[in-house]
Amino acid sequence: MEAPICLIESALSELFVKVHETGQITLADRYGLLAAIFDESLTEEELRSLSRIYRSIARKQIEVVDEISSLQE
């Protein structure tokens, strides 16, 4: 039996804002996007946010970085 994928409420909107503010998407962010893809309960607005993130990556407006997190130590 597979465990259901449930995102933390508002996680996707916070990710959207963070990615667009920093101009980078980290490894942790990418795992969050992967989980979001498999969440069948996403709203239309959340699906549009996902599409905007993926389009920005494809257009190289957002840099894909290999860092785990964008938090500064």
# chains A, B, ... in the order shown; residues from 1 in each chain; ligands from 1
$ select_by_dssp --residues "chain A" --states "strand (DSSP E or B)" --output "list in words"
Gln24, Ile25, Glu63 and Val64 of chain A
$ write_last_selection --atoms "C-alpha atoms" --output "mmCIF file, in the first residue's frame"
data_model
loop_
_atom_site.group_PDB
_atom_site.id
_atom_site.type_symbol
_atom_site.label_atom_id
_atom_site.label_comp_id
_atom_site.auth_asym_id
_atom_site.auth_seq_id
_atom_site.Cartn_x
_atom_site.Cartn_y
_atom_site.Cartn_z
ATOM 1 C CA GLN A 24 16.904 29.892 -7.908
ATOM 2 C CA ILE A 25 15.401 26.498 -7.320
ATOM 3 C CA GLU A 63 18.469 28.974 -12.095
ATOM 4 C CA VAL A 64 18.550 25.313 -11.053
#
$ closest_residue --among "A:Asp39, A:Tyr31, A:Tyr54, A:Glu44" --to "Ile68 in chain A" --atoms "only C-alpha atoms"
A:Tyr31
$ select_by_dssp --residues "chain A" --states "alpha helix (DSSP H)" --output "ChimeraX atom specification"
/A:11-22,27-37,44-58
$ closest_residue --among "A:Glu40, A:Glu46, A:Glu14, A:Asp66" --to "Thr26 in chain A" --atoms "only C-alpha atoms"
A:Asp66
